[in-house]
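Working notes, beginning with the structure itself.
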Amino acid sequence: MRLPHMVLALALLLPHLAAAHLFKQGERVPAVGVNDKGELIYLQDKFSYRPWNSAQLVGKVRVIMHIAGRSSAKEMNAALIEAIKAAKLPHDRYQTTTMVNTDDAIPGTGMFVRSSIESNKQQYPWSQFIVDSNGNARKAWQLEEGGSAIVVLDKSGHVQFAKDGALTQQEVQQVITLLHQLLS
């Protein structure tokens, strides 16, 4: 193989090597716990936090959205969020788990990020919100900084789909179709 062809092949492979996450089809997500902040709870008009860990990801079909605490990361997979809302999935068998890595927020914006998460919890009380102040999940799952990852789990907590980065419109449709299949 000539040098220009090798350089081109390497350039095409590098993005895939760099974006390697640890999610494996048919397996559970690598174990992780979040004790600093954790799961946001909203009861009787008050917010509180409790420790959270990945062992709690069983019992329902779910989409894990792991996002950096930046609006640019939230926008990366906004089309999937809208598609999930439109699908009107049954809350008794489906749950969205949004993990926000506030360790990966623009300095000085933490208060605004937490306010946004609290507003979303009020609006979607059936959804689960995890605030990861130390970036434990990003590190454990080897996700890109500043990004957004999507993981679909079956009700036993096994990975059925995973991507670190923005989903294409075709992948959004693939996730919605997969969710309907897992719920039927």
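Chain lettering (A, B, ...) mirrors the order of the structure tokens, residue numbering begins at 1 for each chain separately, and ligand numbering begins at 1 in order of display.
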Which region 73-151 of chain A residues have any atom within 6 Å of an atom of region 48-67 of chain A, and for each, what is the nearest pair of atoms with distance in Å to one decimal, counting only C-alpha atoms, rows sorted by chain and number, as JSON lines?
```
{"residue": "A:Ala73", "atom": "CA", "partner": "A:Ile67", "partner_atom": "CA", "distance": 5.8}
{"residue": "A:Arg93", "atom": "CA", "partner": "A:Lys60", "partner_atom": "CA", "distance": 5.0}
{"residue": "A:Tyr94", "atom": "CA", "partner": "A:Val61", "partner_atom": "CA", "distance": 4.8}
{"residue": "A:Gln95", "atom": "CA", "partner": "A:Arg62", "partner_atom": "CA", "distance": 4.8}
{"residue": "A:Thr96", "atom": "CA", "partner": "A:Val63", "partner_atom": "CA", "distance": 5.0}
{"residue": "A:Thr97", "atom": "CA", "partner": "A:Ile64", "partner_atom": "CA", "distance": 4.7}
{"residue": "A:Thr98", "atom": "CA", "partner": "A:Met65", "partner_atom": "CA", "distance": 4.7}
{"residue": "A:Met99", "atom": "CA", "partner": "A:His66", "partner_atom": "CA", "distance": 4.6}
{"residue": "A:Val100", "atom": "CA", "partner": "A:Ile67", "partner_atom": "CA", "distance": 5.1}
{"residue": "A:Gly147", "atom": "CA", "partner": "A:Ile67", "partner_atom": "CA", "distance": 5.9}
{"residue": "A:Ser148", "atom": "CA", "partner": "A:Ile67", "partner_atom": "CA", "distance": 4.3}
{"residue": "A:Ala149", "atom": "CA", "partner": "A:His66", "partner_atom": "CA", "distance": 5.1}
{"residue": "A:Ile150", "atom": "CA", "partner": "A:Met65", "partner_atom": "CA", "distance": 4.9}
{"residue": "A:Val151", "atom": "CA", "partner": "A:Ile64", "partner_atom": "CA", "distance": 5.0}
```
Only C-alpha atoms, please: the residues just picked out, written as a PDB file, in the first residue's frame.
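The result, written out as part_28.pdb:
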```pdb
ATOM      1  CA  ALA A  73     -24.058  18.794  24.278  1.00  0.00           C
ATOM      2  CA  ARG A  93     -42.399   0.205  31.398  1.00  0.00           C
ATOM      3  CA  TYR A  94     -40.105   2.889  29.948  1.00  0.00           C
ATOM      4  CA  GLN A  95     -37.857   5.527  31.531  1.00  0.00           C
ATOM      5  CA  THR A  96     -35.391   8.083  30.251  1.00  0.00           C
ATOM      6  CA  THR A  97     -32.326   8.387  32.451  1.00  0.00           C
ATOM      7  CA  THR A  98     -30.552  11.673  31.782  1.00  0.00           C
ATOM      8  CA  MET A  99     -27.074  11.832  33.263  1.00  0.00           C
ATOM      9  CA  VAL A 100     -25.593  15.319  33.310  1.00  0.00           C
ATOM     10  CA  GLY A 147     -20.367  15.382  24.234  1.00  0.00           C
ATOM     11  CA  SER A 148     -23.570  13.410  24.340  1.00  0.00           C
ATOM     12  CA  ALA A 149     -23.957   9.629  24.387  1.00  0.00           C
ATOM     13  CA  ILE A 150     -27.098   7.540  23.912  1.00  0.00           C
ATOM     14  CA  VAL A 151     -27.539   4.017  25.268  1.00  0.00           C
TER      15      VAL A 151
END
```
Can you tell me which residues surround region 132-144 of chain A at a distance of at most 9 Å, considering only C-alpha atoms, apart from same-chain residues fewer than 3 positions away, and format the answer as a short mmCIF file (atom, residue, chain, number, x, y, z; two decimals) with N, CA, C and O atoms, in the first residue's frame?
```cif
data_model
loop_
_atom_site.label_atom_id
_atom_site.label_comp_id
_atom_site.auth_asym_id
_atom_site.auth_seq_id
_atom_site.Cartn_x
_atom_site.Cartn_y
_atom_site.Cartn_z
N ALA A 18 -10.78 6.93 18.49
CA ALA A 18 -10.82 7.93 19.55
C ALA A 18 -12.17 7.93 20.26
O ALA A 18 -12.25 8.25 21.43
N ALA A 19 -13.23 7.57 19.56
CA ALA A 19 -14.57 7.65 20.13
C ALA A 19 -15.02 6.31 20.72
O ALA A 19 -16.19 6.06 20.86
N ALA A 20 -14.06 5.47 21.07
CA ALA A 20 -14.40 4.16 21.60
C ALA A 20 -14.97 4.28 23.01
O ALA A 20 -14.34 4.83 23.90
N HIS A 21 -16.19 3.79 23.19
CA HIS A 21 -16.81 3.73 24.50
C HIS A 21 -16.78 2.29 24.97
O HIS A 21 -16.39 1.39 24.22
N LEU A 22 -17.16 2.04 26.19
CA LEU A 22 -17.09 0.70 26.76
C LEU A 22 -18.40 -0.07 26.73
O LEU A 22 -18.52 -1.10 27.37
N PHE A 23 -19.41 0.42 26.01
CA PHE A 23 -20.69 -0.27 25.95
C PHE A 23 -20.59 -1.43 24.96
O PHE A 23 -20.12 -1.26 23.84
N VAL A 29 -24.12 -2.12 31.26
CA VAL A 29 -23.17 -1.01 31.20
C VAL A 29 -22.10 -1.25 32.26
O VAL A 29 -22.38 -1.85 33.31
N PRO A 30 -20.86 -0.82 32.02
CA PRO A 30 -19.84 -0.94 33.05
C PRO A 30 -20.31 -0.26 34.35
O PRO A 30 -20.92 0.81 34.31
N ALA A 31 -20.05 -0.91 35.46
CA ALA A 31 -20.53 -0.42 36.76
C ALA A 31 -19.98 0.97 37.08
O ALA A 31 -18.81 1.26 36.84
N VAL A 32 -20.87 1.81 37.60
CA VAL A 32 -20.48 3.16 38.01
C VAL A 32 -21.43 3.63 39.10
O VAL A 32 -22.60 3.26 39.11
N GLY A 33 -20.90 4.42 40.02
CA GLY A 33 -21.71 5.01 41.08
C GLY A 33 -21.50 6.51 41.11
O GLY A 33 -20.44 7.02 40.76
N VAL A 34 -22.55 7.23 41.53
CA VAL A 34 -22.48 8.68 41.65
C VAL A 34 -22.97 9.04 43.05
O VAL A 34 -24.16 8.93 43.34
N ASN A 35 -22.04 9.43 43.91
CA ASN A 35 -22.39 9.77 45.30
C ASN A 35 -22.40 11.27 45.55
O ASN A 35 -23.05 11.74 46.47
N ASP A 36 -21.63 12.04 44.77
CA ASP A 36 -21.62 13.49 44.92
C ASP A 36 -22.73 14.03 44.03
O ASP A 36 -22.60 14.02 42.82
N LYS A 37 -23.78 14.49 44.58
CA LYS A 37 -25.08 14.79 43.98
C LYS A 37 -25.78 13.46 43.76
O LYS A 37 -26.25 12.87 44.68
N GLY A 38 -25.85 12.94 42.53
CA GLY A 38 -26.55 11.68 42.27
C GLY A 38 -27.91 11.92 41.66
O GLY A 38 -28.10 12.86 40.89
N GLU A 39 -28.88 11.05 42.03
CA GLU A 39 -30.22 11.16 41.44
C GLU A 39 -30.98 12.33 42.06
O GLU A 39 -31.07 12.46 43.27
N HIS A 66 -26.35 10.48 28.29
CA HIS A 66 -25.25 11.03 29.08
C HIS A 66 -24.78 12.29 28.36
O HIS A 66 -24.32 12.22 27.21
N ILE A 67 -24.91 13.44 29.02
CA ILE A 67 -24.54 14.68 28.36
C ILE A 67 -23.63 15.52 29.25
O ILE A 67 -23.76 15.52 30.47
N ALA A 68 -22.72 16.21 28.61
CA ALA A 68 -21.90 17.19 29.31
C ALA A 68 -22.82 18.34 29.74
O ALA A 68 -23.84 18.58 29.11
N MET A 99 -28.24 11.63 32.39
CA MET A 99 -27.07 11.83 33.26
C MET A 99 -26.36 13.08 32.78
O MET A 99 -25.93 13.15 31.63
N VAL A 100 -26.24 14.06 33.67
CA VAL A 100 -25.59 15.32 33.31
C VAL A 100 -24.25 15.40 34.03
O VAL A 100 -24.19 15.38 35.26
N ASN A 101 -23.20 15.47 33.25
CA ASN A 101 -21.84 15.57 33.79
C ASN A 101 -21.54 17.04 34.04
O ASN A 101 -21.06 17.75 33.17
N THR A 102 -21.84 17.51 35.26
CA THR A 102 -21.60 18.92 35.58
C THR A 102 -20.12 19.21 35.80
O THR A 102 -19.74 20.38 35.87
N ASP A 103 -19.31 18.15 35.86
CA ASP A 103 -17.85 18.34 35.91
C ASP A 103 -17.35 18.85 34.56
O ASP A 103 -16.28 19.42 34.46
N ASP A 104 -18.16 18.64 33.52
CA ASP A 104 -17.81 19.04 32.16
C ASP A 104 -18.74 20.18 31.71
O ASP A 104 -19.37 20.12 30.66
N GLY A 147 -19.45 16.00 25.18
CA GLY A 147 -20.37 15.38 24.23
C GLY A 147 -21.66 14.86 24.82
O GLY A 147 -22.08 15.22 25.91
N SER A 148 -22.28 14.01 24.02
CA SER A 148 -23.57 13.41 24.34
C SER A 148 -23.55 11.96 23.86
O SER A 148 -23.19 11.70 22.72
N ALA A 149 -23.91 11.05 24.74
CA ALA A 149 -23.96 9.63 24.39
C ALA A 149 -25.37 9.11 24.64
O ALA A 149 -26.05 9.55 25.56
N ASP A 164 -21.70 7.21 21.11
CA ASP A 164 -21.14 8.40 21.75
C ASP A 164 -21.03 9.45 20.66
O ASP A 164 -20.21 9.33 19.75
N GLY A 165 -21.89 10.45 20.71
CA GLY A 165 -21.92 11.49 19.69
C GLY A 165 -23.33 11.71 19.19
O GLY A 165 -24.28 11.06 19.63
#
```
**Q.** Those of region 92-156 of chain A in DSSP helix (DSSP H, G or I), formatted as a ChimeraX atom specification
**A.** /A:102-104,110-123,136-141
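All residues of protein, DNA or RNA that reach within 12 Å of Lys46 (chain A), judged by only C-alpha atoms and not counting those fewer than 3 positions away in the chain, are Leu40, Ile41, Tyr42, Leu43, Tyr49, Glu118, Ser119, Lys121 and Gln122 of chain A.
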Next, write the just-selected residues to a file, as an mmCIF file, in the first residue's frame, keeping N, CA, C and O atoms as the atom set.
```cif
data_model
loop_
_atom_site.group_PDB
_atom_site.id
_atom_site.type_symbol
_atom_site.label_atom_id
_atom_site.label_comp_id
_atom_site.auth_asym_id
_atom_site.auth_seq_id
_atom_site.Cartn_x
_atom_site.Cartn_y
_atom_site.Cartn_z
ATOM 1 N N LEU A 40 -31.538 13.160 41.193
ATOM 2 C CA LEU A 40 -32.342 14.297 41.631
ATOM 3 C C LEU A 40 -33.746 13.797 41.973
ATOM 4 O O LEU A 40 -34.404 13.149 41.166
ATOM 5 N N ILE A 41 -34.177 14.122 43.180
ATOM 6 C CA ILE A 41 -35.502 13.739 43.668
ATOM 7 C C ILE A 41 -36.322 15.017 43.854
ATOM 8 O O ILE A 41 -35.806 16.009 44.364
ATOM 9 N N TYR A 42 -37.584 14.961 43.445
ATOM 10 C CA TYR A 42 -38.484 16.109 43.615
ATOM 11 C C TYR A 42 -39.742 15.623 44.317
ATOM 12 O O TYR A 42 -40.572 14.928 43.747
ATOM 13 N N LEU A 43 -39.861 15.961 45.601
ATOM 14 C CA LEU A 43 -41.016 15.577 46.398
ATOM 15 C C LEU A 43 -41.516 16.778 47.189
ATOM 16 O O LEU A 43 -40.726 17.496 47.798
ATOM 17 N N TYR A 49 -31.078 15.079 46.665
ATOM 18 C CA TYR A 49 -30.287 14.126 45.893
ATOM 19 C C TYR A 49 -30.067 12.870 46.718
ATOM 20 O O TYR A 49 -30.036 12.918 47.948
ATOM 21 N N GLU A 118 -33.420 20.864 37.219
ATOM 22 C CA GLU A 118 -34.559 20.915 38.144
ATOM 23 C C GLU A 118 -35.852 21.251 37.409
ATOM 24 O O GLU A 118 -36.896 20.655 37.669
ATOM 25 N N SER A 119 -35.787 22.173 36.467
ATOM 26 C CA SER A 119 -36.958 22.532 35.677
ATOM 27 C C SER A 119 -37.453 21.324 34.873
ATOM 28 O O SER A 119 -38.664 21.067 34.807
ATOM 29 N N LYS A 121 -36.969 18.160 35.641
ATOM 30 C CA LYS A 121 -37.523 17.165 36.576
ATOM 31 C C LYS A 121 -38.957 17.536 36.950
ATOM 32 O O LYS A 121 -39.823 16.651 37.046
ATOM 33 N N GLN A 122 -39.234 18.821 37.136
ATOM 34 C CA GLN A 122 -40.602 19.255 37.433
ATOM 35 C C GLN A 122 -41.527 18.969 36.254
ATOM 36 O O GLN A 122 -42.660 18.535 36.440
#
```
Q. From the set A:Leu89, A:Gln44, A:Ser156, A:Ala83, which residue has the shortest atom-to-atom contact distance to Leu183 (chain A), counting only C-alpha atoms?
A.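 Checking each candidate against Leu183 (chain A), we get A:Leu89 as the closest.
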Q) So what do you get for CA of Glu27 (chain A) versus CA of His158 (chain A), distance-wise? A)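 Pair CA of Glu27 (chain A) / CA of His158 (chain A) returns 4.9 Å.
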